[in-house]
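**Q** Coordinates in upload-v7.txt, compact mmCIF, C-alpha atoms, are listed below.
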# COMPACT_ATOMS: atom_id res chain seq x y z
CA MET A 22 82.40 97.43 61.62
CA ASP A 23 84.96 100.24 61.41
CA THR A 24 83.00 102.20 58.86
CA GLU A 25 79.95 102.32 61.13
CA ILE A 26 81.64 104.72 63.59
CA ALA A 27 82.20 108.23 62.25
CA GLY A 28 85.73 109.44 62.90
CA TYR A 29 86.94 106.02 64.05
CA ASP A 30 90.18 105.83 62.09
CA PHE A 31 91.99 102.85 63.60
CA GLY A 32 94.58 101.66 61.09
CA LYS A 33 94.29 104.86 59.04
CA VAL A 34 96.14 107.49 61.10
CA SER A 35 99.68 108.86 61.07
CA ARG A 36 102.49 106.92 62.65
CA SER A 37 103.10 107.54 66.34
CA PRO A 38 106.36 109.40 67.04
CA LEU A 39 107.09 106.68 69.61
CA PRO A 40 108.99 103.68 68.23
CA LEU A 41 107.54 100.24 68.79
CA SER A 42 110.52 99.37 70.98
CA ALA A 43 109.49 102.15 73.38
CA LEU A 44 105.97 100.71 73.52
CA HIS A 45 107.46 97.39 74.57
CA GLU A 46 109.44 99.19 77.27
CA LEU A 47 106.24 100.80 78.54
CA GLU A 48 104.57 97.38 78.61
CA THR A 49 107.44 96.25 80.82
CA ALA A 50 107.08 99.32 83.03
CA VAL A 51 103.35 98.72 83.62
CA GLY A 52 104.08 95.01 84.07
CA PHE A 53 101.86 93.79 81.24
CA THR A 54 102.65 90.12 80.54
CA ALA A 55 101.44 87.29 78.34
CA HIS A 56 99.32 86.21 81.31
CA ASP A 57 97.62 89.61 81.35
CA ARG A 58 96.85 89.18 77.66
CA GLU A 59 95.29 85.78 78.42
CA MET A 60 93.16 87.37 81.13
CA LEU A 61 91.94 90.07 78.72
CA VAL A 62 91.10 87.39 76.17
CA ARG A 63 89.15 85.49 78.81
CA ALA A 64 87.16 88.61 79.72
CA ARG A 65 86.86 89.94 76.18
CA ALA A 66 83.24 88.96 75.58
CA VAL A 67 82.01 90.19 78.96
CA ILE A 68 83.87 93.50 78.81
CA SER A 69 82.80 94.09 75.21
CA ASP A 70 79.18 93.32 76.08
CA HIS A 71 79.34 95.85 78.93
CA ALA A 72 81.42 98.47 77.12
CA GLU A 73 78.53 100.85 76.50
CA GLU A 74 77.26 100.46 80.06
CA LEU A 75 80.74 101.25 81.39
CA VAL A 76 81.08 104.32 79.19
CA ASP A 77 77.60 105.49 80.22
CA GLY A 78 78.66 105.22 83.86
CA TRP A 79 81.85 107.23 83.37
CA ARG A 80 80.00 109.85 81.36
CA ALA A 81 77.32 110.13 84.01
CA THR A 82 80.06 111.20 86.43
CA ILE A 83 81.39 113.69 83.89
CA GLY A 84 77.92 115.08 83.24
CA ALA A 85 77.26 115.51 86.96
CA HIS A 86 80.09 118.01 87.44
CA GLU A 87 80.44 121.15 85.35
CA PHE A 88 84.23 121.27 85.81
CA LEU A 89 84.32 117.92 83.98
CA ALA A 90 81.40 118.46 81.62
CA LYS A 91 82.32 121.89 80.26
CA TRP A 92 84.97 120.51 77.91
CA PHE A 93 82.08 119.09 75.92
CA PHE A 94 80.00 122.27 75.83
CA ALA A 95 79.10 124.12 72.64
CA PRO A 96 79.74 127.88 72.41
CA ASP A 97 76.22 128.42 73.82
CA GLY A 98 77.36 126.98 77.16
CA LYS A 99 75.27 123.82 76.85
CA PRO A 100 76.41 120.24 76.24
CA ASP A 101 77.06 119.63 72.53
CA GLU A 102 74.88 116.55 72.19
CA HIS A 103 75.94 115.85 68.61
CA TYR A 104 79.60 115.88 69.63
CA LYS A 105 78.92 113.83 72.73
CA ALA A 106 77.04 111.20 70.72
CA ALA A 107 79.86 110.99 68.17
CA ILE A 108 82.66 110.62 70.70
CA LYS A 109 80.67 108.17 72.81
CA LYS A 110 80.70 105.60 70.03
CA ARG A 111 84.45 105.89 69.75
CA PHE A 112 84.88 105.72 73.54
CA VAL A 113 82.90 102.46 73.59
CA ARG A 114 85.03 101.16 70.74
CA TRP A 115 88.19 102.08 72.71
CA VAL A 116 87.02 99.74 75.47
CA VAL A 117 86.47 96.93 72.98
CA ASP A 118 89.77 97.59 71.24
CA LEU A 119 91.61 97.58 74.55
CA VAL A 120 90.66 93.95 75.18
CA THR A 121 90.81 92.93 71.50
CA GLN A 122 93.63 94.60 69.62
CA PRO A 123 97.24 93.50 70.02
CA PHE A 124 99.54 96.24 71.27
CA ASP A 125 101.18 96.63 67.86
CA GLN A 126 102.04 99.50 65.52
CA ALA A 127 98.42 100.16 64.51
CA TRP A 128 97.28 100.24 68.14
CA LEU A 129 100.22 102.45 69.12
CA ASP A 130 99.47 104.87 66.28
CA TYR A 131 95.83 105.10 67.29
CA GLN A 132 96.59 105.79 70.95
CA HIS A 133 98.65 108.78 69.80
CA GLU A 134 95.77 109.93 67.61
CA ILE A 135 93.36 109.67 70.55
CA GLY A 136 95.74 111.77 72.63
CA LEU A 137 95.92 114.42 69.90
CA ARG A 138 92.13 114.50 69.71
CA HIS A 139 92.04 115.63 73.35
CA THR A 140 94.41 118.56 72.66
CA PRO A 141 94.24 121.72 70.51
CA ALA A 142 96.03 119.82 67.73
CA ARG A 143 92.94 117.78 66.83
CA LYS A 144 90.08 118.28 69.32
CA ASN A 145 86.76 118.88 67.55
CA ALA A 146 88.29 118.24 64.11
CA ALA A 147 86.84 114.78 63.45
CA ASP A 148 83.36 115.97 64.41
CA HIS A 149 83.45 119.57 63.13
CA ALA A 150 82.53 120.68 66.64
CA GLN A 151 83.22 123.94 68.48
CA THR A 152 83.73 122.75 72.05
CA PRO A 153 86.77 123.92 74.06
CA ALA A 154 90.09 123.05 72.44
CA VAL A 155 91.29 120.66 75.11
CA VAL A 156 90.37 118.17 77.79
CA PRO A 157 92.92 119.03 80.48
CA LEU A 158 95.37 116.23 81.15
CA ARG A 159 94.67 116.22 84.88
CA TYR A 160 91.15 114.97 84.24
CA LEU A 161 92.29 112.22 81.88
CA LEU A 162 94.70 111.05 84.56
CA ALA A 163 92.21 111.39 87.41
CA PHE A 164 89.74 109.30 85.43
CA LEU A 165 92.16 106.40 85.50
CA ALA A 166 90.63 105.66 88.91
CA PRO A 167 86.99 105.11 87.88
CA VAL A 168 87.97 103.54 84.55
CA THR A 169 90.25 100.97 86.13
CA GLN A 170 87.98 100.23 89.10
CA SER A 171 84.54 100.00 87.54
CA ILE A 172 85.47 96.76 85.83
CA ARG A 173 85.36 94.78 89.09
CA PRO A 174 81.58 94.75 89.67
CA VAL A 175 81.04 93.90 86.00
CA LEU A 176 83.32 90.89 86.32
CA GLN A 177 81.85 89.86 89.66
CA MET A 178 78.29 89.97 88.33
CA SER A 179 79.34 88.02 85.25
CA GLY A 180 80.26 84.92 87.21
CA PHE A 181 84.04 85.11 87.35
CA GLY A 182 85.61 83.67 90.49
CA ALA A 183 87.49 85.87 92.94
CA GLU A 184 90.93 84.99 91.60
CA ASP A 185 89.90 85.61 88.01
CA VAL A 186 88.33 88.93 88.98
CA ASP A 187 91.60 90.02 90.59
CA GLU A 188 93.70 88.92 87.64
CA ILE A 189 91.42 90.39 84.98
CA HIS A 190 91.17 93.61 87.00
CA ALA A 191 94.98 93.77 87.14
CA ALA A 192 95.33 93.13 83.40
CA TRP A 193 92.67 95.72 82.57
CA THR A 194 94.31 98.26 84.87
CA LYS A 195 97.68 97.80 83.17
CA ALA A 196 96.11 98.10 79.72
CA VAL A 197 94.19 101.27 80.62
CA ILE A 198 97.27 102.89 82.17
CA LEU A 199 99.35 101.93 79.13
CA SER A 200 96.80 103.45 76.75
CA VAL A 201 96.32 106.70 78.67
CA THR A 202 100.08 107.05 79.17
CA LEU A 203 100.35 107.07 75.38
CA TRP A 204 97.53 109.63 75.17
CA SER A 205 99.52 111.97 77.39
CA ALA A 206 102.42 112.45 74.95
CA PRO A 207 101.02 115.44 72.99
CA TYR A 208 100.38 117.33 76.23
CA VAL A 209 103.96 117.25 77.43
CA LYS A 210 106.82 119.70 76.97
CA ASP A 211 109.57 118.69 74.55
CA GLY A 212 111.94 116.14 76.02
CA LEU A 213 109.95 115.48 79.19
CA TRP A 214 107.55 112.78 78.05
CA MET B 245 110.83 112.97 112.21
CA ASP B 246 110.94 115.43 109.29
CA THR B 247 114.46 116.54 110.03
CA GLU B 248 115.74 112.97 109.81
CA ILE B 249 115.16 112.80 106.05
CA ALA B 250 117.49 115.01 104.02
CA GLY B 251 115.59 117.06 101.46
CA TYR B 252 112.18 116.13 102.86
CA ASP B 253 110.59 119.56 102.92
CA PHE B 254 106.91 118.85 103.58
CA GLY B 255 105.34 122.04 104.91
CA LYS B 256 108.30 124.16 103.83
CA VAL B 257 107.94 124.47 100.05
CA SER B 258 106.42 127.06 97.73
CA ARG B 259 102.70 127.18 97.23
CA SER B 260 101.29 125.01 94.44
CA PRO B 261 99.98 127.01 91.47
CA LEU B 262 96.82 124.90 91.75
CA PRO B 263 94.15 126.39 94.02
CA LEU B 264 92.76 124.21 96.77
CA SER B 265 89.35 124.27 95.06
CA ALA B 266 90.92 122.53 92.04
CA LEU B 267 92.36 119.86 94.32
CA HIS B 268 88.86 119.20 95.62
CA GLU B 269 87.64 118.91 92.03
CA LEU B 270 90.36 116.37 91.31
CA GLU B 271 89.32 114.41 94.40
CA THR B 272 85.83 114.32 92.92
CA ALA B 273 87.19 113.22 89.55
CA VAL B 274 89.13 110.29 91.04
CA GLY B 275 86.12 109.50 93.23
CA PHE B 276 87.91 109.88 96.56
CA THR B 277 85.34 109.99 99.37
CA ALA B 278 85.18 110.12 103.15
CA HIS B 279 84.84 106.33 103.05
CA ASP B 280 88.13 106.08 101.15
CA ARG B 281 89.76 108.20 103.85
CA GLU B 282 88.39 105.82 106.48
CA MET B 283 89.83 102.88 104.58
CA LEU B 284 93.26 104.54 104.41
CA VAL B 285 93.10 105.23 108.15
CA ARG B 286 92.25 101.58 108.77
CA ALA B 287 95.22 100.43 106.69
CA ARG B 288 97.57 103.16 107.84
CA ALA B 289 99.66 101.08 110.23
CA VAL B 290 100.00 98.12 107.86
CA ILE B 291 100.90 100.23 104.84
CA SER B 292 103.33 102.35 106.84
CA ASP B 293 105.00 99.23 108.26
CA HIS B 294 105.41 97.86 104.72
CA ALA B 295 106.32 101.15 103.05
CA GLU B 296 110.02 100.40 102.74
CA GLU B 297 109.32 96.87 101.48
CA LEU B 298 106.95 98.29 98.85
CA VAL B 299 109.48 100.87 97.71
CA ASP B 300 112.20 98.21 97.57
CA GLY B 301 109.96 96.13 95.32
CA TRP B 302 109.24 99.01 92.92
CA ARG B 303 112.89 99.97 92.83
CA ALA B 304 113.91 96.39 92.10
CA THR B 305 111.82 96.61 88.93
CA ILE B 306 113.43 99.93 88.05
CA GLY B 307 116.90 98.58 88.69
CA ALA B 308 116.25 95.52 86.52
CA HIS B 309 115.72 97.58 83.34
CA GLU B 310 118.24 100.11 82.09
CA PHE B 311 115.57 102.19 80.34
CA LEU B 312 114.06 102.77 83.81
CA ALA B 313 117.27 102.79 85.83
CA LYS B 314 119.31 105.22 83.73
CA TRP B 315 117.51 108.29 85.09
CA PHE B 316 119.32 107.57 88.35
CA PHE B 317 122.78 107.11 86.83
CA ALA B 318 125.75 109.35 87.62
CA PRO B 319 127.76 110.85 84.74
CA ASP B 320 129.99 107.73 84.85
CA GLY B 321 127.06 105.66 83.59
CA LYS B 322 126.60 103.77 86.86
CA PRO B 323 123.80 104.07 89.41
CA ASP B 324 124.35 107.04 91.73
CA GLU B 325 124.02 105.16 94.99
CA HIS B 326 124.20 108.28 97.15
CA TYR B 327 121.34 109.84 95.19
CA LYS B 328 119.33 106.62 95.19
CA ALA B 329 119.71 106.26 98.95
CA ALA B 330 118.61 109.85 99.51
CA ILE B 331 115.53 109.67 97.32
CA LYS B 332 114.55 106.26 98.65
CA LYS B 333 113.94 107.69 102.12
CA ARG B 334 111.67 110.34 100.66
CA PHE B 335 109.86 107.77 98.48
CA VAL B 336 109.14 105.68 101.58
CA ARG B 337 107.93 108.80 103.35
CA TRP B 338 105.62 109.57 100.39
CA VAL B 339 103.92 106.21 100.98
CA VAL B 340 103.44 107.01 104.67
CA ASP B 341 102.25 110.54 103.93
CA LEU B 342 99.77 109.26 101.38
CA VAL B 343 97.89 107.30 104.05
CA THR B 344 98.52 109.83 106.83
CA GLN B 345 98.33 113.42 105.64
CA PRO B 346 95.04 115.12 104.88
CA PHE B 347 94.74 116.34 101.29
CA ASP B 348 95.14 119.97 102.31
CA GLN B 349 97.24 122.96 101.21
CA ALA B 350 100.49 121.58 102.65
CA TRP B 351 99.97 118.21 100.95
CA LEU B 352 98.99 119.89 97.67
CA ASP B 353 102.09 122.10 97.79
CA TYR B 354 104.34 119.13 98.40
CA GLN B 355 102.90 117.09 95.54
CA HIS B 356 103.80 119.97 93.23
CA GLU B 357 107.31 120.06 94.69
CA ILE B 358 107.70 116.29 94.11
CA GLY B 359 106.63 116.79 90.51
CA LEU B 360 109.19 119.57 90.03
CA ARG B 361 111.89 117.34 91.49
CA HIS B 362 111.32 114.88 88.63
CA THR B 363 111.82 117.62 86.00
CA PRO B 364 114.72 119.87 84.94
CA ALA B 365 113.33 122.57 87.25
CA ARG B 366 114.48 120.77 90.42
CA LYS B 367 115.82 117.28 89.70
CA ASN B 368 119.11 116.62 91.50
CA ALA B 369 118.94 119.96 93.35
CA ALA B 370 117.99 118.68 96.80
CA ASP B 371 120.76 116.06 96.67
CA HIS B 372 123.46 117.95 94.72
CA ALA B 373 123.47 115.06 92.26
CA GLN B 374 124.37 114.96 88.54
CA THR B 375 121.95 112.37 87.23
CA PRO B 376 119.86 113.09 84.09
CA ALA B 377 117.67 116.17 84.42
CA VAL B 378 114.33 114.36 84.22
CA VAL B 379 112.40 111.19 84.87
CA PRO B 380 110.20 111.04 81.76
CA LEU B 381 106.52 111.40 82.54
CA ARG B 382 105.60 108.22 80.70
CA TYR B 383 107.46 106.15 83.27
CA LEU B 384 105.83 107.93 86.21
CA LEU B 385 102.45 107.18 84.66
CA ALA B 386 103.29 103.60 83.72
CA PHE B 387 104.40 102.98 87.29
CA LEU B 388 100.89 103.73 88.49
CA ALA B 389 100.21 100.08 87.67
CA PRO B 390 102.72 98.41 90.00
CA VAL B 391 102.30 101.09 92.69
CA THR B 392 98.54 100.72 92.83
CA GLN B 393 98.51 96.92 92.54
CA SER B 394 101.29 95.86 94.87
CA ILE B 395 99.24 96.90 97.88
CA ARG B 396 96.86 93.93 97.52
CA PRO B 397 99.20 91.12 98.61
CA VAL B 398 100.40 93.27 101.52
CA LEU B 399 96.82 93.72 102.70
CA GLN B 400 95.93 90.08 102.12
CA MET B 401 98.92 88.83 104.11
CA SER B 402 98.12 91.27 106.90
CA GLY B 403 94.80 89.65 107.72
CA PHE B 404 92.30 91.99 106.10
CA GLY B 405 89.15 90.30 104.80
CA ALA B 406 88.36 90.23 101.09
CA GLU B 407 85.97 93.18 101.22
CA ASP B 408 88.39 95.33 103.19
CA VAL B 409 91.19 94.44 100.77
CA ASP B 410 89.05 95.58 97.86
CA GLU B 411 88.02 98.82 99.55
CA ILE B 412 91.49 99.69 100.82
CA HIS B 413 92.93 98.85 97.41
CA ALA B 414 90.39 101.18 95.80
CA ALA B 415 91.14 104.01 98.24
CA TRP B 416 94.90 103.56 97.82
CA THR B 417 94.53 103.54 94.03
CA LYS B 418 92.58 106.81 94.08
CA ALA B 419 95.11 108.43 96.40
CA VAL B 420 98.09 107.33 94.27
CA ILE B 421 96.44 108.54 91.06
CA LEU B 422 95.56 111.86 92.70
CA SER B 423 99.12 112.37 93.88
CA VAL B 424 100.79 111.46 90.58
CA THR B 425 98.27 113.55 88.65
CA LEU B 426 99.51 116.51 90.69
CA TRP B 427 103.12 115.54 89.98
CA SER B 428 102.40 115.73 86.25
CA ALA B 429 101.65 119.47 86.20
CA PRO B 430 105.21 120.77 85.64
CA TYR B 431 105.63 118.45 82.65
CA VAL B 432 102.70 119.80 80.70
CA LYS B 433 102.48 122.56 78.10
CA ASP B 434 100.86 125.83 79.18
CA GLY B 435 97.09 125.60 79.35
CA LEU B 436 96.85 121.86 78.76
CA TRP B 437 97.21 120.49 82.29
How would this structure read if it were set down as structure tokens?
**A**
Amino acid sequence: MDTEIAGYDFGKVSRSPLPLSALHELETAVGFTAHDREMLVRARAVISDHAEELVDGWRATIGAHEFLAKWFFAPDGKPDEHYKAAIKKRFVRWVVDLVTQPFDQAWLDYQHEIGLRHTPARKNAADHAQTPAVVPLRYLLAFLAPVTQSIRPVLQMSGFGAEDVDEIHAAWTKAVILSVTLWSAPYVKDGLW
Amino acid sequence: MDTEIAGYDFGKVSRSPLPLSALHELETAVGFTAHDREMLVRARAVISDHAEELVDGWRATIGAHEFLAKWFFAPDGKPDEHYKAAIKKRFVRWVVDLVTQPFDQAWLDYQHEIGLRHTPARKNAADHAQTPAVVPLRYLLAFLAPVTQSIRPVLQMSGFGAEDVDEIHAAWTKAVILSVTLWSAPYVKDGLW
């Protein structure tokens, strides 16, 4: 499956500068437990089946506001549809990976790579695009809100009971925050991350 | 009330480098609406009454793990209790402000000040303390998980119905993410925030 997504390099990227022990500390800080992992496993099929729909929803919000959309514009000032199509597939795969992959060295390494790909270090490189060199960190962080919250209606409409919805929502929220926290590292001044 | 909390300088700090228009864009990005404001108003009394209890809970987690607690240690390697007591009052007040203050220039300015006070620019200054010069950004971001989620049981035990709990939780989550996103600015490399 990996080879079907251009630029999806899970398992093939450089090692994260963060040691695995620090990842485990971050898991503790977000409160991610074995029970949260069980909840993600329970919701894996549903979330994976709705991954593209979720990404389409988030991207509709981005596309509706130029201050969010312009980071995906070509030099002609219009959305770079080739770039957007390429990164969409990887965004969908991030959702699937988030409920599938263990939080191990390979996952840690790839979160760092995703972070780099939002900064001047690597943005556009995988897709040979010419969009702006960064997605500002404040928008990645702000988007934690829709990305963590939009899972609830999906779970509710998929037949999970109220308690399961709450627990899966909590586990998903912790996983998303953990992932995006790792993305933030390349944005931050030396010694402050 | 302001003068009762040492170092609480809401309304008296420098102007945020972020223009108010960019704050409104961030509100759009997190999805904060007039309905969310109504939900925060509805929950204002309950959340304010439980603000200290919430802060105590978050700080218990911090205190239980040295990798989180050490940023509040004095040079002797032990928790700086004077410092911790001083910042606790302001942390409690942040909870109250978050459900009370409009997201206007004064609130924007103070979020930037809070961010600075977690970095070498201003940490320790308000309290004349000698703890480490930073709280690393990754822990601020990771703590979005417990801070956003711990509101649910408070709301549930306070008699709100299931729908109100969901909507207040969503509004609170957006507000917390908006605030901490603003805190992150002083951590970030030029041009990437």
**Q** Could you please select, counting all atoms listed in the file, the residues of chain A within 6 Å of chain B and state them as a list in words?
**A** Ala50, Val51, Pro157, Leu158, Arg159, Leu162, Ala163, Phe164, Ala166, Lys195, Thr202, Tyr208, Val209, Lys210, Leu213 and Trp214 of chain A
**Q** I need the residue nearest Ile412 of chain B from this list: B:Met283, B:Ala250, B:Ala295, B:Leu262. Use all atoms listed in the file for the distance.
**A**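 That would be B:Met283, the residue with the smallest distance to Ile412 of chain B.
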**Q** Taking the point (100.0, 125.1, 90.8) as given in the file, collect each protein or nucleic acid residue that comes within 8 Å of it, counting all atoms listed in the file, and present the set as a PDB file with C-alpha atoms, in the frame of the given file.
**A**
ATOM      1  CA  ARG B 259     102.700 127.180  97.230  1.00  0.00           C
ATOM      2  CA  SER B 260     101.290 125.010  94.440  1.00  0.00           C
ATOM      3  CA  PRO B 261      99.980 127.010  91.470  1.00  0.00           C
ATOM      4  CA  LEU B 262      96.820 124.900  91.750  1.00  0.00           C
ATOM      5  CA  PRO B 263      94.150 126.390  94.020  1.00  0.00           C
ATOM      6  CA  ASP B 353     102.090 122.100  97.790  1.00  0.00           C
ATOM      7  CA  HIS B 356     103.800 119.970  93.230  1.00  0.00           C
ATOM      8  CA  ALA B 429     101.650 119.470  86.200  1.00  0.00           C
TER       9      ALA B 429
END
**Q** By how many Å are atom CA of Leu137 of chain A and atom CA of Gln151 of chain A apart?
**A**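 If I compute the distance from atom CA of Leu137 of chain A to atom CA of Gln151 of chain A, I get 15.9 Å.
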**Q** Residues near Lys332 of chain B, anyone? I mean within 10 Å using all atoms listed in the file, not counting same-chain ones fewer than 3 positions away, as an MDAnalysis selection string.
**A** chainID B and resid 249 296 299:300 303 326:329 335:338
**Q** Could you tell me which of A:Leu61, A:Ile172, A:Ala66, A:Val34 comes closest to Arg138 of chain A if we count only C-alpha atoms?
**A**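 Of the candidates, the smallest distance to Arg138 of chain A is held by A:Val34.
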**Q** Separation of atom CA of Tyr29 of chain A and atom CA of Val116 of chain A, in Å?
**A**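 Taking atom CA of Tyr29 of chain A as the start and atom CA of Val116 of chain A as the end point, the length is 13.0 Å.
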**Q** List every protein, DNA or RNA residue that has an atom no more than 12 Å from (80.7, 124.8, 74.8) in the file's coordinate frame, counting all atoms listed in the file, and report them as a list in words.
**A**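 Here is the list of nearby residues: Glu87, Ala90, Lys91, Trp92, Phe93, Phe94, Ala95, Pro96, Asp97, Gly98, Lys99, Pro100, Asp101, Glu102, His103, Tyr104, Lys105, Asn145, Ala150, Gln151, Thr152, Pro153, Ala154 and Val155 of chain A.
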